[in-house]
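Read the structure below first, then the notes.
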Amino acid sequence: MASPPDWPDTVFGALKDAGVRQVAYVPDAGHARLIELARGDNAVRAVPLTAEQEGVALLGGAWLGGEAGALLMQSSGVGNVINMLGMSAECRFPLLMLVTMRGEWGEFNPWQVPMGQATQASLEAVGVIVQRVDDADSVAETVEAAARMAFQGGRMVAVLIGQRLLGAKNWDK
Amino acid sequence: MAGTQNKPAAITLHRRAVVTRILRDRGDAALVCGIGNAVHDVASCGDDARNMYLAGIMGGAAMVAFGVAVAQPDRRVVVITGDGELLAGLGSLPTIGVEKPRNLAIVVLDNQAYGATGNQLTHTAAGVDLAAIAAASGFPSTALITDEAGIEAAIADIYDRPGPYFAVVKVTTETGPRLDVSRDGTYISRRFRAAMTGGG
């Protein structure tokens with residue numbers, strides 16, 4: 001990619017506008033810029049995790065304490081969160097997840113494909129509302145809409161950011 | 001067996017007595033209770049809107065409490081949970097150890113067994129030392145408690161010491177009477193949130 005995409009900056013603005021104060025994340029190339037923005041903002045507590053399910057529990061606690069949060073993760077981590085999402089479902093915790101996709105458009109690593117292909121169905125099976133976005137110009141408005149549905153509509157919502165948008169990377173190059 | 005330097009004498013503390021003593025001084029603290037007997041131990045001291053009972057899900061209690069602690073920086077947040085529950089979410093210790101929330105304390109009632117499923121042994125029965133793991137994960141103060149004097153000495157640490165604080169209390173597998181604690185997560189969580197925020 002010739003220049004860095006600017007959607008993470010507008011997405012971060014959408015998260016701030018939605019009142020997000022806690023951002024939980026695992027290291028991820030697709031979310032690198034958004035993580036950097038969260039870490040650089042004194043009004044946001046950015047929490048690096050060892051695994052994604054910690055973030056689901058953290059954001060349940062955030063809501064219990066009166067704050068909104070967002071979980072940044074990759075599709076390969078979706079399998080890790082399913083059981084913990086049972087808590088969010090039973091407690092009706094609002095939950096916003098931004099998931100960068102692997103294992104789909106132009107994937108070179110076969111190990112990414114099983115979870116990537118099962119991501120949307122897995123989330124929907126446990127009751128998460130899934131909204132996909134595949135073009136950069138639509139990411140911010142999709143996150144804004146998802147945040148409203150999560151925090152005002154009181155639902156678990158995941159935005160899947162398509163691999164076509166992110167650019168099918170090839171570590172072998 | 002590993003961990004011989006910390007190998008305790010026979011376990012004598014009873015979990016309900018331990019929790020009763022700890023909660024006597026709770027003040028305005030919020031409590032997050034892990035699945036299983038910890039919920040009943042805490043509820044036996046009187047149901048309270050500031051108690052978040054996690055009646056399901058292994059391994060989430062410490063992180064839920066961490067989220068509350070970030071959102072409520074002026075309030076002490078205390079986790080009461082079992083060794084099995086914590087072992088199911090062990091990654092939360094380094095995550096919390098890195099962030100060092102000053103208002104968070106974790107108390108593990110370590111009976112070395114999975115009480116809800118027939119007292120099968122947990123890894124702590126074989127010497128796995130949760131307090132050492134917490135210390136190695138960056139918790140500035142940890143304790144291994146095996147007697148009543150240790151509990152008394154830990155009270156001030158649980159509620160006032162700059163955290164994150166972590167205590168393992170070795171307890172027998174004996175349990176107290178089970179209570180009629182609500183398993184309705186939607187109800188319990190909204191009641192808790194209102195108590196935290198002063199609103200609905």
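Identifiers in the structure tokens: chain A, B, ... in order shown; residue index from 1 per chain; ligand index from 1 in order shown.
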
Counting only C-alpha atoms, chain B residues within 8 Å of chain A, as an NGL selection string
:B and (56-57 or 60-61 or 63-72 or 89 or 91-92 or 94-95 or 99 or 184-190 or 192-193 or 196-197)

DSSP helix (DSSP H, G or I) residues within stretch 8-141 of chain A, listed as a ChimeraX atom specification
/A:8-17,32-39,52-64,75-91,110-125,136-141

Suppose we keep C-alpha atoms; can you now write the selection as a PDB file, in the first residue's frame?
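As written to disk, selection_4.pdb reads:
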ATOM      1  CA  PRO A   8      -8.421   4.229  11.434  1.00  0.00           C
ATOM      2  CA  ASP A   9      -8.322   7.950  12.233  1.00  0.00           C
ATOM      3  CA  THR A  10     -11.982   8.476  11.376  1.00  0.00           C
ATOM      4  CA  VAL A  11     -12.899   5.262  13.172  1.00  0.00           C
ATOM      5  CA  PHE A  12     -11.137   6.483  16.294  1.00  0.00           C
ATOM      6  CA  GLY A  13     -13.127   9.697  16.055  1.00  0.00           C
ATOM      7  CA  ALA A  14     -16.315   7.630  15.844  1.00  0.00           C
ATOM      8  CA  LEU A  15     -15.288   5.642  18.938  1.00  0.00           C
ATOM      9  CA  LYS A  16     -14.557   8.834  20.842  1.00  0.00           C
ATOM     10  CA  ASP A  17     -17.896  10.321  19.783  1.00  0.00           C
ATOM     11  CA  ALA A  32      -1.960  -0.996  14.285  1.00  0.00           C
ATOM     12  CA  ARG A  33      -2.877   2.631  13.608  1.00  0.00           C
ATOM     13  CA  LEU A  34      -6.067   2.478  15.694  1.00  0.00           C
ATOM     14  CA  ILE A  35      -4.140   0.946  18.604  1.00  0.00           C
ATOM     15  CA  GLU A  36      -1.557   3.710  18.301  1.00  0.00           C
ATOM     16  CA  LEU A  37      -4.286   6.352  18.433  1.00  0.00           C
ATOM     17  CA  ALA A  38      -5.889   4.742  21.479  1.00  0.00           C
ATOM     18  CA  ARG A  39      -2.566   4.476  23.302  1.00  0.00           C
ATOM     19  CA  GLU A  52      -9.199 -11.884  23.191  1.00  0.00           C
ATOM     20  CA  GLN A  53     -11.584 -13.349  25.783  1.00  0.00           C
ATOM     21  CA  GLU A  54      -9.942 -11.166  28.425  1.00  0.00           C
ATOM     22  CA  GLY A  55     -11.245  -8.172  26.496  1.00  0.00           C
ATOM     23  CA  VAL A  56     -14.827  -9.420  26.519  1.00  0.00           C
ATOM     24  CA  ALA A  57     -14.679  -9.718  30.312  1.00  0.00           C
ATOM     25  CA  LEU A  58     -12.899  -6.355  30.682  1.00  0.00           C
ATOM     26  CA  LEU A  59     -15.540  -4.545  28.656  1.00  0.00           C
ATOM     27  CA  GLY A  60     -18.299  -6.218  30.651  1.00  0.00           C
ATOM     28  CA  GLY A  61     -16.671  -4.697  33.713  1.00  0.00           C
ATOM     29  CA  ALA A  62     -16.303  -1.359  31.949  1.00  0.00           C
ATOM     30  CA  TRP A  63     -20.030  -1.225  31.358  1.00  0.00           C
ATOM     31  CA  LEU A  64     -20.741  -2.345  34.914  1.00  0.00           C
ATOM     32  CA  SER A  75     -10.738 -12.930  13.036  1.00  0.00           C
ATOM     33  CA  SER A  76      -8.394 -15.642  14.307  1.00  0.00           C
ATOM     34  CA  GLY A  77      -9.270 -14.497  17.833  1.00  0.00           C
ATOM     35  CA  VAL A  78     -13.003 -14.853  17.392  1.00  0.00           C
ATOM     36  CA  GLY A  79     -12.850 -18.503  18.345  1.00  0.00           C
ATOM     37  CA  ASN A  80     -11.317 -17.491  21.655  1.00  0.00           C
ATOM     38  CA  VAL A  81     -14.178 -15.239  22.699  1.00  0.00           C
ATOM     39  CA  ILE A  82     -17.222 -17.433  22.091  1.00  0.00           C
ATOM     40  CA  ASN A  83     -17.625 -18.855  25.591  1.00  0.00           C
ATOM     41  CA  MET A  84     -16.985 -15.505  27.282  1.00  0.00           C
ATOM     42  CA  LEU A  85     -19.636 -13.935  25.035  1.00  0.00           C
ATOM     43  CA  GLY A  86     -22.098 -16.111  26.940  1.00  0.00           C
ATOM     44  CA  MET A  87     -21.575 -13.738  29.848  1.00  0.00           C
ATOM     45  CA  SER A  88     -22.202 -10.688  27.671  1.00  0.00           C
ATOM     46  CA  ALA A  89     -25.350 -12.319  26.327  1.00  0.00           C
ATOM     47  CA  GLU A  90     -26.759 -13.360  29.711  1.00  0.00           C
ATOM     48  CA  CYS A  91     -25.944  -9.996  31.292  1.00  0.00           C
ATOM     49  CA  PRO A 110      -3.798 -21.804   4.970  1.00  0.00           C
ATOM     50  CA  TRP A 111      -3.838 -21.802   8.800  1.00  0.00           C
ATOM     51  CA  GLN A 112      -5.850 -18.574   8.743  1.00  0.00           C
ATOM     52  CA  VAL A 113      -8.582 -19.935   6.512  1.00  0.00           C
ATOM     53  CA  PRO A 114     -10.624 -22.200   8.856  1.00  0.00           C
ATOM     54  CA  MET A 115     -11.274 -19.543  11.515  1.00  0.00           C
ATOM     55  CA  GLY A 116     -11.606 -16.751   8.981  1.00  0.00           C
ATOM     56  CA  GLN A 117     -14.282 -18.643   7.099  1.00  0.00           C
ATOM     57  CA  ALA A 118     -16.103 -19.506  10.349  1.00  0.00           C
ATOM     58  CA  THR A 119     -15.892 -16.033  11.896  1.00  0.00           C
ATOM     59  CA  GLN A 120     -19.265 -14.595  10.955  1.00  0.00           C
ATOM     60  CA  ALA A 121     -21.214 -17.798  11.569  1.00  0.00           C
ATOM     61  CA  SER A 122     -19.525 -18.303  14.945  1.00  0.00           C
ATOM     62  CA  LEU A 123     -20.366 -14.793  16.131  1.00  0.00           C
ATOM     63  CA  GLU A 124     -23.948 -15.049  14.923  1.00  0.00           C
ATOM     64  CA  ALA A 125     -24.360 -18.445  16.566  1.00  0.00           C
ATOM     65  CA  ALA A 136     -12.449   1.995   3.257  1.00  0.00           C
ATOM     66  CA  ASP A 137     -14.871   4.866   2.798  1.00  0.00           C
ATOM     67  CA  SER A 138     -17.584   3.002   4.713  1.00  0.00           C
ATOM     68  CA  VAL A 139     -15.629   1.858   7.760  1.00  0.00           C
ATOM     69  CA  ALA A 140     -16.193   4.900   9.943  1.00  0.00           C
ATOM     70  CA  GLU A 141     -19.926   5.149   9.313  1.00  0.00           C
TER      71      GLU A 141
END

Strand (DSSP E) per DSSP on the backbone: members of stretch 48-126 of chain A, as a PyMOL selection string:
chain A and resi 48+68-74+95-100

Mind checking which residues fall within 7 Å of B:Leu144, counting only C-alpha atoms, ignoring those fewer than 3 positions away in the same chain, and posting them as number ranges by chain?
B: 131, 167-169

If I take atom CA of B:Val19 and atom CA of B:Ala143, how far is one from the other in Å, to one decimal?
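Between these atoms lies a distance of 16.0 Å.
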
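For stretch 146-161 of chain A, the non-local neighbours within 6 Å, defined as residues at least 2 positions apart in the same chain or in other chains and counting only C-alpha atoms, are A:Pro94, A:Leu95, A:Leu96, A:Met97, A:Leu98, A:Val99, A:Thr100, A:Met101, A:Val128, A:Ile129, A:Val130, A:Gln131, A:Arg132, A:Val133, A:Val143, A:Glu144.
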
Write a file of the just-selected residues containing C-alpha atoms, as a short mmCIF file (atom, residue, chain, number, x, y, z; two decimals), in the first residue's frame.
data_model
loop_
_atom_site.label_atom_id
_atom_site.label_comp_id
_atom_site.auth_asym_id
_atom_site.auth_seq_id
_atom_site.Cartn_x
_atom_site.Cartn_y
_atom_site.Cartn_z
CA PRO A 94 -23.40 -3.77 25.29
CA LEU A 95 -20.31 -4.88 23.37
CA LEU A 96 -18.53 -3.43 20.36
CA MET A 97 -15.92 -5.52 18.58
CA LEU A 98 -13.89 -4.41 15.56
CA VAL A 99 -12.57 -7.48 13.79
CA THR A 100 -9.98 -7.35 11.04
CA MET A 101 -10.46 -10.29 8.70
CA VAL A 128 -23.66 -11.20 18.06
CA ILE A 129 -25.01 -8.85 15.39
CA VAL A 130 -22.48 -8.78 12.55
CA GLN A 131 -21.92 -5.88 10.18
CA ARG A 132 -19.39 -6.30 7.37
CA VAL A 133 -17.54 -3.56 5.64
CA VAL A 143 -18.46 1.68 13.23
CA GLU A 144 -20.57 4.68 14.16
#

Quick one: pull the distance between atom CA of B:Ala116 and atom CA of B:Glu148, Å, one decimal.
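The value is 25.3 Å.
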
Using only C-alpha atoms, which of the listed residues (A:Val44, A:Leu71, A:Asp134, A:His31) sits closest to A:Gln163?
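Answer, going by the shortest atom-to-atom distance: A:Asp134.
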
Residue contacts of B:Arg21 (12 Å, only C-alpha atoms) excluding same-chain residues fewer than 6 positions away, as a list in words:
Leu13, His14, Arg15, Asp41, Val42, Ser44, Cys45, Glu148, Ala149, Gly150, Ile151, Glu152, Ala153, Ala154, Ile155 and Ile158 of chain B
